[in-house]
file my_file_28.txt (compact mmCIF, C-alpha atoms)
# COMPACT_ATOMS: atom_id res chain seq x y z
CA MET F 1 0.00 0.00 0.00
CA PHE F 2 1.57 3.25 -1.20
CA SER F 3 0.71 6.70 0.08
CA ARG F 4 -0.82 9.06 -2.46
CA GLN F 5 2.41 11.08 -2.42
CA THR F 6 4.53 8.07 -3.37
CA ALA F 7 2.04 6.97 -6.02
CA THR F 8 2.21 10.46 -7.52
CA GLU F 9 6.02 10.30 -7.69
CA ILE F 10 5.87 6.91 -9.44
CA GLU F 11 3.29 8.20 -11.91
CA LYS F 12 5.46 11.26 -12.62
CA ALA F 13 8.51 9.07 -13.33
CA ALA F 14 6.40 6.88 -15.61
CA ARG F 15 5.34 9.84 -17.74
CA GLU F 16 8.91 11.14 -17.91
CA PHE F 17 10.03 7.85 -19.49
CA GLY F 18 6.93 7.22 -21.61
CA LEU F 19 5.57 4.42 -19.42
CA GLU F 20 1.96 3.79 -18.45
CA PRO F 21 1.66 5.00 -14.84
CA ALA F 22 -0.63 2.18 -13.70
CA ALA F 23 1.72 -0.42 -15.16
CA LEU F 24 4.76 1.08 -13.43
CA LEU F 25 2.83 1.22 -10.17
CA ALA F 26 2.07 -2.49 -10.58
CA ILE F 27 5.78 -3.36 -10.87
CA ALA F 28 6.63 -1.11 -7.94
CA GLU F 29 3.97 -2.81 -5.81
CA ILE F 30 5.27 -6.31 -6.55
CA GLU F 31 8.94 -5.41 -6.14
CA SER F 32 8.54 -3.47 -2.89
CA ALA F 33 5.32 -4.82 -1.32
CA GLY F 34 4.33 -1.17 -0.98
CA GLN F 35 7.24 -0.34 1.31
CA VAL F 36 9.36 2.63 0.22
CA PHE F 37 11.71 3.31 3.12
CA ALA F 38 13.43 1.57 5.98
CA LYS F 39 14.25 3.49 9.13
CA ILE F 40 18.03 3.28 9.60
CA ASP F 41 19.45 5.26 12.54
CA ASP F 42 16.49 7.67 12.27
CA ARG F 43 17.09 8.12 8.51
CA ASN F 44 14.74 7.08 5.74
CA GLU F 45 16.73 4.81 3.45
CA PRO F 46 15.72 2.74 0.40
CA LEU F 47 15.19 -0.97 0.82
CA ILE F 48 18.24 -2.97 -0.22
CA ARG F 49 19.33 -6.54 -0.91
CA PHE F 50 23.00 -7.51 -0.79
CA GLU F 51 24.22 -10.22 -3.18
CA GLY F 52 27.23 -12.06 -1.78
CA HIS F 53 28.06 -13.85 -5.04
CA TYR F 54 28.18 -10.53 -6.92
CA PHE F 55 30.50 -9.20 -4.23
CA ASP F 56 32.73 -12.25 -4.46
CA GLY F 57 33.09 -11.87 -8.22
CA ARG F 58 34.24 -8.27 -7.86
CA LEU F 59 37.00 -9.07 -5.39
CA SER F 60 40.33 -10.84 -5.56
CA GLY F 61 43.29 -11.65 -3.37
CA ALA F 62 43.30 -10.60 0.27
CA ALA F 63 40.04 -8.63 -0.07
CA GLN F 64 38.20 -11.67 -1.37
CA GLU F 65 39.66 -13.89 1.35
CA ARG F 66 38.60 -11.42 4.04
CA ALA F 67 35.08 -11.09 2.65
CA ARG F 68 34.65 -14.86 2.54
CA ALA F 69 36.02 -15.24 6.06
CA GLU F 70 33.57 -12.62 7.35
CA GLY F 71 30.60 -14.34 5.71
CA LEU F 72 30.05 -11.56 3.17
CA ALA F 73 31.07 -13.28 -0.06
CA SER F 74 30.76 -16.65 -1.75
CA PRO F 75 31.20 -17.85 -5.35
CA THR F 76 27.84 -19.63 -5.06
CA ALA F 77 24.61 -17.66 -5.42
CA GLY F 78 22.31 -17.87 -2.42
CA THR F 79 25.01 -18.90 0.06
CA ILE F 80 25.14 -15.48 1.72
CA ALA F 81 21.70 -14.93 3.23
CA ASN F 82 20.21 -11.49 3.66
CA PRO F 83 18.93 -10.72 7.17
CA ARG F 84 15.19 -10.17 7.33
CA ALA F 85 15.53 -6.74 8.92
CA GLN F 86 16.63 -3.89 6.69
CA ALA F 87 18.75 -2.40 9.50
CA ALA F 88 20.81 -5.60 9.57
CA ARG F 89 21.14 -5.51 5.78
CA TRP F 90 22.51 -1.98 5.95
CA GLN F 91 24.99 -3.14 8.58
CA MET F 92 26.04 -5.95 6.24
CA LEU F 93 26.49 -3.42 3.43
CA ASP F 94 28.61 -1.18 5.66
CA ARG F 95 30.87 -4.12 6.54
CA ALA F 96 31.24 -5.01 2.87
CA ALA F 97 31.94 -1.38 1.93
CA ASP F 98 34.72 -1.34 4.51
CA ILE F 99 36.42 -4.02 2.40
CA ASP F 100 35.64 -2.48 -1.03
CA HIS F 101 33.17 0.40 -1.29
CA ARG F 102 32.56 0.24 -5.02
CA ALA F 103 32.23 -3.54 -5.14
CA ALA F 104 29.81 -3.51 -2.19
CA TYR F 105 27.52 -0.88 -3.70
CA GLU F 106 27.62 -2.58 -7.10
CA SER F 107 26.57 -5.84 -5.41
CA THR F 108 23.44 -4.33 -3.89
CA SER F 109 19.97 -3.87 -5.36
CA TRP F 110 18.41 -0.52 -4.52
CA GLY F 111 14.97 0.90 -3.88
CA LEU F 112 11.45 0.37 -5.20
CA GLY F 113 12.58 -1.40 -8.34
CA GLN F 114 15.49 -3.29 -6.70
CA VAL F 115 17.92 -2.10 -9.39
CA MET F 116 21.43 -3.52 -9.08
CA GLY F 117 24.20 -1.02 -8.44
CA ALA F 118 26.32 -2.92 -10.98
CA HIS F 119 24.16 -1.39 -13.75
CA TRP F 120 25.37 2.17 -13.08
CA GLN F 121 27.37 2.60 -16.30
CA TRP F 122 24.80 0.87 -18.50
CA LEU F 123 22.12 3.17 -17.07
CA GLY F 124 24.16 6.29 -17.82
CA PHE F 125 25.41 7.24 -14.35
CA ASP F 126 28.91 8.61 -13.79
CA ASP F 127 29.66 6.00 -11.12
CA VAL F 128 27.91 3.67 -8.71
CA ASP F 129 27.72 6.38 -6.04
CA THR F 130 25.65 8.54 -8.40
CA LEU F 131 23.18 5.69 -8.92
CA VAL F 132 23.01 5.14 -5.16
CA ALA F 133 22.49 8.87 -4.56
CA GLU F 134 19.47 8.73 -6.88
CA ALA F 135 18.00 5.82 -4.91
CA ARG F 136 18.66 7.56 -1.58
CA SER F 137 17.17 10.88 -2.71
CA GLY F 138 13.61 9.80 -1.94
CA ALA F 139 10.62 8.06 -3.49
CA ALA F 140 10.96 10.14 -6.67
CA GLY F 141 14.57 9.07 -7.17
CA GLN F 142 13.71 5.43 -6.61
CA ALA F 143 10.87 5.68 -9.12
CA ARG F 144 13.11 7.33 -11.73
CA LEU F 145 15.74 4.63 -11.27
CA MET F 146 13.18 1.89 -11.83
CA ALA F 147 11.74 3.66 -14.90
CA ARG F 148 15.23 4.26 -16.30
CA TYR F 149 16.01 0.56 -16.04
CA LEU F 150 12.81 -0.46 -17.84
CA ASP F 151 13.50 2.07 -20.59
CA LYS F 152 17.13 1.01 -21.04
CA ALA F 153 16.20 -2.67 -21.02
CA GLY F 154 13.84 -2.11 -23.96
CA LEU F 155 10.78 -3.08 -21.94
CA THR F 156 8.70 0.05 -22.61
CA SER F 157 6.56 -1.50 -25.32
CA ALA F 158 6.01 -4.72 -23.34
CA LEU F 159 5.00 -2.74 -20.27
CA ASN F 160 2.62 -0.44 -22.12
CA ASN F 161 1.10 -3.42 -23.94
CA HIS F 162 0.71 -5.34 -20.67
CA ASP F 163 2.85 -8.25 -21.88
CA TRP F 164 3.47 -9.50 -18.34
CA GLU F 165 5.43 -12.56 -19.45
CA ALA F 166 7.90 -10.40 -21.36
CA ILE F 167 8.18 -8.07 -18.38
CA GLY F 168 8.62 -11.04 -16.06
CA HIS F 169 11.46 -12.43 -18.15
CA GLY F 170 13.13 -9.07 -18.69
CA TYR F 171 12.81 -7.75 -15.15
CA ASN F 172 12.70 -10.83 -12.93
CA GLY F 173 14.80 -13.23 -14.98
CA PRO F 174 14.18 -16.51 -16.86
CA GLY F 175 12.79 -18.22 -13.75
CA PHE F 176 9.91 -15.76 -13.37
CA ARG F 177 7.23 -18.44 -13.85
CA LYS F 178 8.34 -20.38 -10.76
CA ASN F 179 6.98 -17.71 -8.43
CA GLY F 180 4.17 -16.58 -10.72
CA TYR F 181 5.77 -13.17 -11.16
CA HIS F 182 3.83 -12.43 -14.36
CA LEU F 183 0.54 -13.40 -12.72
CA LYS F 184 1.25 -11.17 -9.73
CA LEU F 185 1.97 -8.28 -12.10
CA ALA F 186 -1.32 -8.82 -13.91
CA GLU F 187 -3.22 -8.84 -10.60
CA ALA F 188 -1.42 -5.72 -9.37
CA TYR F 189 -2.19 -3.90 -12.63
CA LYS F 190 -5.87 -4.82 -12.32
CA ARG F 191 -5.90 -3.36 -8.80
CA GLN F 192 -4.38 -0.13 -10.12
CA ILE F 193 -6.95 0.13 -12.93
CA ASP F 194 -9.97 -0.83 -10.84
CA GLY F 195 -9.00 1.46 -7.98
CA PRO F 196 -9.43 0.74 -4.27
CA ALA F 197 -12.45 -1.31 -3.35
CA PRO F 198 -14.43 -0.57 -0.20
CA GLY F 199 -12.37 -1.71 2.79
CA ASP F 200 -9.04 -1.59 0.94
CA ARG F 201 -7.74 1.00 3.41
CA THR F 202 -8.32 -1.39 6.27
CA MET F 203 -5.10 -2.78 7.71
CA THR F 204 -4.90 -6.15 9.40
CA VAL F 205 -2.36 -8.92 10.03
CA GLY F 206 -0.52 -9.55 6.78
CA THR F 207 -0.88 -6.04 5.37
CA ARG F 208 2.42 -4.45 4.33
CA GLY F 209 3.58 -1.13 3.02
CA GLU F 210 4.10 2.54 3.57
CA LEU F 211 0.74 3.15 5.21
CA VAL F 212 1.44 0.44 7.78
CA THR F 213 4.70 2.17 8.68
CA GLU F 214 2.87 5.47 9.14
CA LEU F 215 0.23 3.77 11.29
CA GLN F 216 2.99 2.24 13.42
CA GLU F 217 4.72 5.62 13.78
CA ALA F 218 1.43 7.14 14.92
CA LEU F 219 0.99 4.39 17.52
CA VAL F 220 4.53 4.97 18.82
CA ALA F 221 3.81 8.71 19.10
CA LEU F 222 0.76 7.86 21.21
CA GLY F 223 2.77 5.65 23.56
CA TYR F 224 2.05 2.23 22.07
CA ALA F 225 5.40 0.51 21.52
CA VAL F 226 5.64 -1.26 18.16
CA ASP F 227 8.29 -1.86 15.49
CA THR F 228 7.98 0.58 12.58
CA ASP F 229 8.84 -2.00 9.95
CA GLY F 230 5.87 -1.64 7.60
CA ILE F 231 4.62 -5.14 8.42
CA TYR F 232 1.26 -5.47 10.19
CA GLY F 233 2.13 -8.45 12.33
CA PRO F 234 0.81 -9.77 15.66
CA GLY F 235 2.75 -7.09 17.58
CA THR F 236 1.09 -4.27 15.67
CA ALA F 237 -2.31 -5.93 16.00
CA ALA F 238 -1.81 -6.21 19.78
CA GLN F 239 -1.02 -2.50 20.10
CA VAL F 240 -3.99 -1.59 17.91
CA LYS F 241 -6.15 -3.65 20.26
CA ARG F 242 -4.74 -1.72 23.23
CA PHE F 243 -5.48 1.57 21.52
CA GLN F 244 -9.00 0.44 20.63
CA ALA F 245 -9.72 -0.68 24.20
CA ASP F 246 -8.36 2.60 25.58
CA HIS F 247 -10.61 4.62 23.26
CA GLY F 248 -13.88 2.72 23.58
CA LEU F 249 -13.64 0.87 20.27
CA ALA F 250 -14.19 -2.81 19.54
CA ALA F 251 -10.79 -4.33 20.31
CA ASP F 252 -10.39 -6.56 17.25
CA GLY F 253 -6.84 -5.50 16.28
CA ILE F 254 -7.97 -4.38 12.82
CA ALA F 255 -7.16 -0.81 11.82
CA GLY F 256 -10.33 0.07 9.97
CA VAL F 257 -11.85 3.45 9.20
CA ARG F 258 -13.09 4.12 12.76
CA THR F 259 -9.78 3.14 14.35
CA GLN F 260 -7.78 5.21 11.89
CA ALA F 261 -10.00 8.21 12.50
CA ALA F 262 -9.62 7.79 16.28
CA ILE F 263 -5.84 7.71 15.94
CA ALA F 264 -6.00 10.89 13.87
CA ARG F 265 -8.10 12.60 16.55
CA ALA F 266 -5.74 11.43 19.29
CA LEU F 267 -2.82 13.00 17.44
CA GLY F 268 -4.63 16.27 16.76
CA GLY F 269 -2.72 19.43 17.64
CA ARG F 270 0.70 17.75 17.88
CA ASP F 271 3.70 18.56 15.71
CA LEU F 272 3.59 15.03 14.35
CA TRP F 273 0.39 15.98 12.52
CA SER F 274 2.35 17.72 9.77
CA THR F 275 4.77 14.83 9.31
CA LEU F 276 1.90 12.37 8.89
CA LYS F 277 -0.33 14.64 6.82
CA GLY F 278 -0.15 12.32 3.81
CA TRP F 279 -1.49 9.47 5.91
CA PHE F 280 -4.34 11.50 7.35
CA ALA F 281 -5.22 12.81 3.90
CA ARG F 282 -5.52 9.27 2.66
CA ILE F 283 -7.68 8.28 5.63
CA PHE F 284 -10.13 11.09 4.97
CA GLY F 285 -10.00 10.76 1.20
CA LYS F 286 -8.36 14.14 0.55
CA ALA F 287 -5.44 12.86 -1.50
call {"tool": "encode", "arguments": {"input": "my_file_28.txt", "output": "structure tokens"}}
result
Amino acid sequence: MFSRQTATEIEKAAREFGLEPAALLAIAEIESAGQVFAKIDDRNEPLIRFEGHYFDGRLSGAAQERARAEGLASPTAGTIANPRAQAARWQMLDRAADIDHRAAYESTSWGLGQVMGAHWQWLGFDDVDTLVAEARSGAAGQARLMARYLDKAGLTSALNNHDWEAIGHGYNGPGFRKNGYHLKLAEAYKRQIDGPAPGDRTMTVGTRGELVTELQEALVALGYAVDTDGIYGPGTAAQVKRFQADHGLAADGIAGVRTQAAIARALGGRDLWSTLKGWFARIFGKA
């Protein structure tokens, strides 16, 4: 679930590169599960994935030996597992960069579209740091990076013609059918075209994305301790139940319209209101 602000940035990037906005939104949804940022030391950073076999192939000699010894590199794909938490992935990246900055950043996929840093030259950037700076600049930069990749890869026509198998092969690789990537894209595109159905704004266990993060941040501001990871898990549901019970609502752990409105009222008049204005606008249908 993207905020209206993020969706607008993705749509803007799509038009800049001649892509259908709804189709680009569909890819962004599948690639990111609606999550745009991870909170790293109080900074908003793009989501990343570190590839240890890429890193290994870019090293040699003592650097390669050190990376392998520290569990950061392997010649075999899939051997170096990514931690589930983004904060731990950023720590892994920092350790790798301490061995070889360029190789580490090239071995990482960045942002909404999970674009590999190794593509920096092919995509027209001066160096890998310039590509990374684009991804770290915000939702707009992440969206542009994803659109740039699709354009450079010659996937514009396939995307605009909704050839999801061609997109699956070109963007996800030859094994795209194993995880039904093309089918997920088709479903995501249909959701974009049809628009939100009644109840789509409701958040419950299993919901992921930017709006979940903003809900979690609101709960924290109100004194309900919860991880702000964008995943509506049992911990978030438990704190929603506490909030509901404290405010005379049915304590079902589901953040529906009434619960969201109550949270907005509870936050009224605080400085946090301005930082969460996109979330409140979405709740009340003003964005």
call {"tool": "closest_atom_pairs", "arguments": {"input": "my_file_28.txt", "of": "stretch 201-240 of chain F", "to": "stretch 40-64 of chain F", "cutoff": "12 Å", "atoms": "only C-alpha atoms", "output": "tab-separated table"}}
result
residue	atom	partner	partner_atom	distance
F:Gly209	CA	F:Leu47	CA	11.8
F:Glu210	CA	F:Asn44	CA	11.8
F:Thr213	CA	F:Asn44	CA	11.6
F:Thr228	CA	F:Ile40	CA	10.8
F:Asp229	CA	F:Ile40	CA	10.6
F:Gly230	CA	F:Leu47	CA	11.5
call {"tool": "residues_around", "arguments": {"input": "my_file_28.txt", "residues": "stretch 145-155 of chain F", "least_positions_apart": "3", "cutoff": "9 Å", "atoms": "only C-alpha atoms", "output": "PyMOL selection string"}}
result
chain F and resi 10+13-14+16-19+24+28+110-115+119+122-123+131+134-135+140-142+158-160+166-167+170-171
call {"tool": "atom_distance", "arguments": {"input": "my_file_28.txt", "atom1": "atom CA of F:Asp98", "atom2": "atom CA of F:Gly71"}}
result
13.7 Å
call {"tool": "atom_distance", "arguments": {"input": "my_file_28.txt", "atom1": "atom CA of F:Glu31", "atom2": "atom CA of F:His162"}}
result
16.7 Å
call {"tool": "closest_residue", "arguments": {"input": "my_file_28.txt", "among": "F:Phe2, F:Gly268, F:Ala88, F:Asp100", "to": "F:Ala33", "atoms": "all atoms listed in the file"}}
result
F:Phe2
call {"tool": "atom_distance", "arguments": {"input": "my_file_28.txt", "atom1": "atom CA of F:Glu20", "atom2": "atom CA of F:Asp127"}}
result
28.7 Å
call {"tool": "residues_around", "arguments": {"input": "my_file_28.txt", "residues": "F:Tyr189", "least_positions_apart": "6", "cutoff": "9 Å", "atoms": "only C-alpha atoms", "output": "VMD selection string"}}
result
chain F and resid 22 to 27 162
call {"tool": "residues_around", "arguments": {"input": "my_file_28.txt", "residues": "F:Thr202", "least_positions_apart": "3", "cutoff": "8 Å", "atoms": "only C-alpha atoms", "output": "short mmCIF file (atom, residue, chain, number, x, y, z; two decimals) with C-alpha atoms, keeping the file's coordinate frame"}}
result
data_model
loop_
_atom_site.label_atom_id
_atom_site.label_comp_id
_atom_site.auth_asym_id
_atom_site.auth_seq_id
_atom_site.Cartn_x
_atom_site.Cartn_y
_atom_site.Cartn_z
CA GLY F 199 -12.37 -1.71 2.79
CA ILE F 254 -7.97 -4.38 12.82
CA ALA F 255 -7.16 -0.81 11.82
CA GLY F 256 -10.33 0.07 9.97
CA VAL F 257 -11.85 3.45 9.20
#
call {"tool": "closest_residue", "arguments": {"input": "my_file_28.txt", "among": "F:Leu72, F:Ala118, F:Ala38, F:Val205", "to": "F:Ala96", "atoms": "only C-alpha atoms"}}
result
F:Leu72
call {"tool": "closest_residue", "arguments": {"input": "my_file_28.txt", "among": "F:Ala73, F:Ala139, F:Ala67, F:Leu219", "to": "F:Phe243", "atoms": "only C-alpha atoms"}}
result
F:Leu219
call {"tool": "closest_residue", "arguments": {"input": "my_file_28.txt", "among": "F:Gly173, F:Thr8, F:Gln121, F:Val128", "to": "F:His101", "atoms": "all atoms listed in the file"}}
result
F:Val128
call {"tool": "closest_residue", "arguments": {"input": "my_file_28.txt", "among": "F:Met203, F:Val132, F:Ala104, F:Val36", "to": "F:Gln5", "atoms": "all atoms listed in the file"}}
result
F:Val36
call {"tool": "axis_aligned_box", "arguments": {"input": "my_file_28.txt", "around": "stretch 6-21 of chain F", "padding_each_side": "8 Å", "output": "lines of an AutoDock Vina configuration file"}}
result
center_x = 5.8
center_y = 7.5
center_z = -12.5
size_x = 24.4
size_y = 23.5
size_z = 34.2
call {"tool": "build_atoms", "arguments": {"input": "my_file_28.txt", "residues": "stretch 132-164 of chain F", "atoms": "N, CA and C atoms", "output": "PDB file, in the frame of the given file"}}
result
ATOM      1  N   VAL F 132      23.469   5.303  -6.539  1.00  0.00           N
ATOM      2  CA  VAL F 132      23.010   5.140  -5.160  1.00  0.00           C
ATOM      3  C   VAL F 132      22.411   6.447  -4.632  1.00  0.00           C
ATOM      4  N   ALA F 133      23.020   7.570  -4.991  1.00  0.00           N
ATOM      5  CA  ALA F 133      22.490   8.870  -4.560  1.00  0.00           C
ATOM      6  C   ALA F 133      21.080   9.079  -5.091  1.00  0.00           C
ATOM      7  N   GLU F 134      20.821   8.636  -6.311  1.00  0.00           N
ATOM      8  CA  GLU F 134      19.470   8.730  -6.880  1.00  0.00           C
ATOM      9  C   GLU F 134      18.489   7.910  -6.038  1.00  0.00           C
ATOM     10  N   ALA F 135      18.879   6.673  -5.695  1.00  0.00           N
ATOM     11  CA  ALA F 135      18.000   5.820  -4.910  1.00  0.00           C
ATOM     12  C   ALA F 135      17.760   6.384  -3.514  1.00  0.00           C
ATOM     13  N   ARG F 136      18.768   7.051  -2.956  1.00  0.00           N
ATOM     14  CA  ARG F 136      18.660   7.560  -1.580  1.00  0.00           C
ATOM     15  C   ARG F 136      18.024   8.950  -1.523  1.00  0.00           C
ATOM     16  N   SER F 137      17.706   9.516  -2.682  1.00  0.00           N
ATOM     17  CA  SER F 137      17.170  10.880  -2.710  1.00  0.00           C
ATOM     18  C   SER F 137      15.701  10.944  -2.324  1.00  0.00           C
ATOM     19  N   GLY F 138      15.022   9.807  -2.291  1.00  0.00           N
ATOM     20  CA  GLY F 138      13.610   9.800  -1.940  1.00  0.00           C
ATOM     21  C   GLY F 138      12.808   8.906  -2.868  1.00  0.00           C
ATOM     22  N   ALA F 139      11.493   8.901  -2.673  1.00  0.00           N
ATOM     23  CA  ALA F 139      10.620   8.060  -3.490  1.00  0.00           C
ATOM     24  C   ALA F 139      10.723   8.420  -4.970  1.00  0.00           C
ATOM     25  N   ALA F 140      10.867   9.711  -5.268  1.00  0.00           N
ATOM     26  CA  ALA F 140      10.960  10.140  -6.670  1.00  0.00           C
ATOM     27  C   ALA F 140      12.212   9.574  -7.325  1.00  0.00           C
ATOM     28  N   GLY F 141      13.336   9.608  -6.620  1.00  0.00           N
ATOM     29  CA  GLY F 141      14.570   9.070  -7.170  1.00  0.00           C
ATOM     30  C   GLY F 141      14.489   7.579  -7.386  1.00  0.00           C
ATOM     31  N   GLN F 142      13.890   6.869  -6.449  1.00  0.00           N
ATOM     32  CA  GLN F 142      13.710   5.430  -6.610  1.00  0.00           C
ATOM     33  C   GLN F 142      12.842   5.114  -7.822  1.00  0.00           C
ATOM     34  N   ALA F 143      11.785   5.889  -7.995  1.00  0.00           N
ATOM     35  CA  ALA F 143      10.870   5.680  -9.120  1.00  0.00           C
ATOM     36  C   ALA F 143      11.575   5.951 -10.445  1.00  0.00           C
ATOM     37  N   ARG F 144      12.370   7.016 -10.496  1.00  0.00           N
ATOM     38  CA  ARG F 144      13.110   7.330 -11.730  1.00  0.00           C
ATOM     39  C   ARG F 144      14.104   6.227 -12.065  1.00  0.00           C
ATOM     40  N   LEU F 145      14.759   5.690 -11.050  1.00  0.00           N
ATOM     41  CA  LEU F 145      15.740   4.630 -11.270  1.00  0.00           C
ATOM     42  C   LEU F 145      15.070   3.391 -11.849  1.00  0.00           C
ATOM     43  N   MET F 146      13.928   3.032 -11.323  1.00  0.00           N
ATOM     44  CA  MET F 146      13.180   1.890 -11.830  1.00  0.00           C
ATOM     45  C   MET F 146      12.728   2.130 -13.273  1.00  0.00           C
ATOM     46  N   ALA F 147      12.203   3.326 -13.542  1.00  0.00           N
ATOM     47  CA  ALA F 147      11.740   3.660 -14.900  1.00  0.00           C
ATOM     48  C   ALA F 147      12.905   3.690 -15.877  1.00  0.00           C
ATOM     49  N   ARG F 148      14.042   4.202 -15.436  1.00  0.00           N
ATOM     50  CA  ARG F 148      15.230   4.260 -16.300  1.00  0.00           C
ATOM     51  C   ARG F 148      15.665   2.857 -16.700  1.00  0.00           C
ATOM     52  N   TYR F 149      15.617   1.935 -15.742  1.00  0.00           N
ATOM     53  CA  TYR F 149      16.010   0.560 -16.040  1.00  0.00           C
ATOM     54  C   TYR F 149      15.073  -0.056 -17.083  1.00  0.00           C
ATOM     55  N   LEU F 150      13.774   0.106 -16.887  1.00  0.00           N
ATOM     56  CA  LEU F 150      12.810  -0.460 -17.840  1.00  0.00           C
ATOM     57  C   LEU F 150      13.022   0.113 -19.231  1.00  0.00           C
ATOM     58  N   ASP F 151      13.267   1.416 -19.304  1.00  0.00           N
ATOM     59  CA  ASP F 151      13.500   2.070 -20.590  1.00  0.00           C
ATOM     60  C   ASP F 151      14.766   1.540 -21.244  1.00  0.00           C
ATOM     61  N   LYS F 152      15.849   1.467 -20.495  1.00  0.00           N
ATOM     62  CA  LYS F 152      17.130   1.010 -21.040  1.00  0.00           C
ATOM     63  C   LYS F 152      17.075  -0.455 -21.454  1.00  0.00           C
ATOM     64  N   ALA F 153      16.310  -1.245 -20.723  1.00  0.00           N
ATOM     65  CA  ALA F 153      16.200  -2.670 -21.020  1.00  0.00           C
ATOM     66  C   ALA F 153      15.285  -2.964 -22.208  1.00  0.00           C
ATOM     67  N   GLY F 154      14.705  -1.924 -22.804  1.00  0.00           N
ATOM     68  CA  GLY F 154      13.840  -2.110 -23.960  1.00  0.00           C
ATOM     69  C   GLY F 154      12.499  -2.728 -23.617  1.00  0.00           C
ATOM     70  N   LEU F 155      12.023  -2.469 -22.396  1.00  0.00           N
ATOM     71  CA  LEU F 155      10.780  -3.080 -21.940  1.00  0.00           C
ATOM     72  C   LEU F 155       9.582  -2.122 -21.991  1.00  0.00           C
ATOM     73  N   THR F 156       9.783  -0.948 -22.570  1.00  0.00           N
ATOM     74  CA  THR F 156       8.700   0.050 -22.610  1.00  0.00           C
ATOM     75  C   THR F 156       7.478  -0.470 -23.338  1.00  0.00           C
ATOM     76  N   SER F 157       7.686  -1.018 -24.523  1.00  0.00           N
ATOM     77  CA  SER F 157       6.560  -1.500 -25.320  1.00  0.00           C
ATOM     78  C   SER F 157       5.847  -2.652 -24.610  1.00  0.00           C
ATOM     79  N   ALA F 158       6.619  -3.584 -24.045  1.00  0.00           N
ATOM     80  CA  ALA F 158       6.010  -4.720 -23.340  1.00  0.00           C
ATOM     81  C   ALA F 158       5.190  -4.240 -22.151  1.00  0.00           C
ATOM     82  N   LEU F 159       5.719  -3.254 -21.431  1.00  0.00           N
ATOM     83  CA  LEU F 159       5.000  -2.740 -20.270  1.00  0.00           C
ATOM     84  C   LEU F 159       3.703  -2.059 -20.704  1.00  0.00           C
ATOM     85  N   ASN F 160       3.800  -1.189 -21.689  1.00  0.00           N
ATOM     86  CA  ASN F 160       2.620  -0.440 -22.120  1.00  0.00           C
ATOM     87  C   ASN F 160       1.583  -1.323 -22.801  1.00  0.00           C
ATOM     88  N   ASN F 161       2.030  -2.483 -23.319  1.00  0.00           N
ATOM     89  CA  ASN F 161       1.100  -3.420 -23.940  1.00  0.00           C
ATOM     90  C   ASN F 161       0.664  -4.523 -22.974  1.00  0.00           C
ATOM     91  N   HIS F 162       1.101  -4.406 -21.724  1.00  0.00           N
ATOM     92  CA  HIS F 162       0.710  -5.340 -20.670  1.00  0.00           C
ATOM     93  C   HIS F 162       1.118  -6.773 -20.986  1.00  0.00           C
ATOM     94  N   ASP F 163       2.290  -6.924 -21.603  1.00  0.00           N
ATOM     95  CA  ASP F 163       2.850  -8.250 -21.880  1.00  0.00           C
ATOM     96  C   ASP F 163       3.609  -8.681 -20.627  1.00  0.00           C
ATOM     97  N   TRP F 164       2.884  -9.217 -19.652  1.00  0.00           N
ATOM     98  CA  TRP F 164       3.470  -9.500 -18.340  1.00  0.00           C
ATOM     99  C   TRP F 164       4.514 -10.593 -18.391  1.00  0.00           C
TER     100      TRP F 164
END
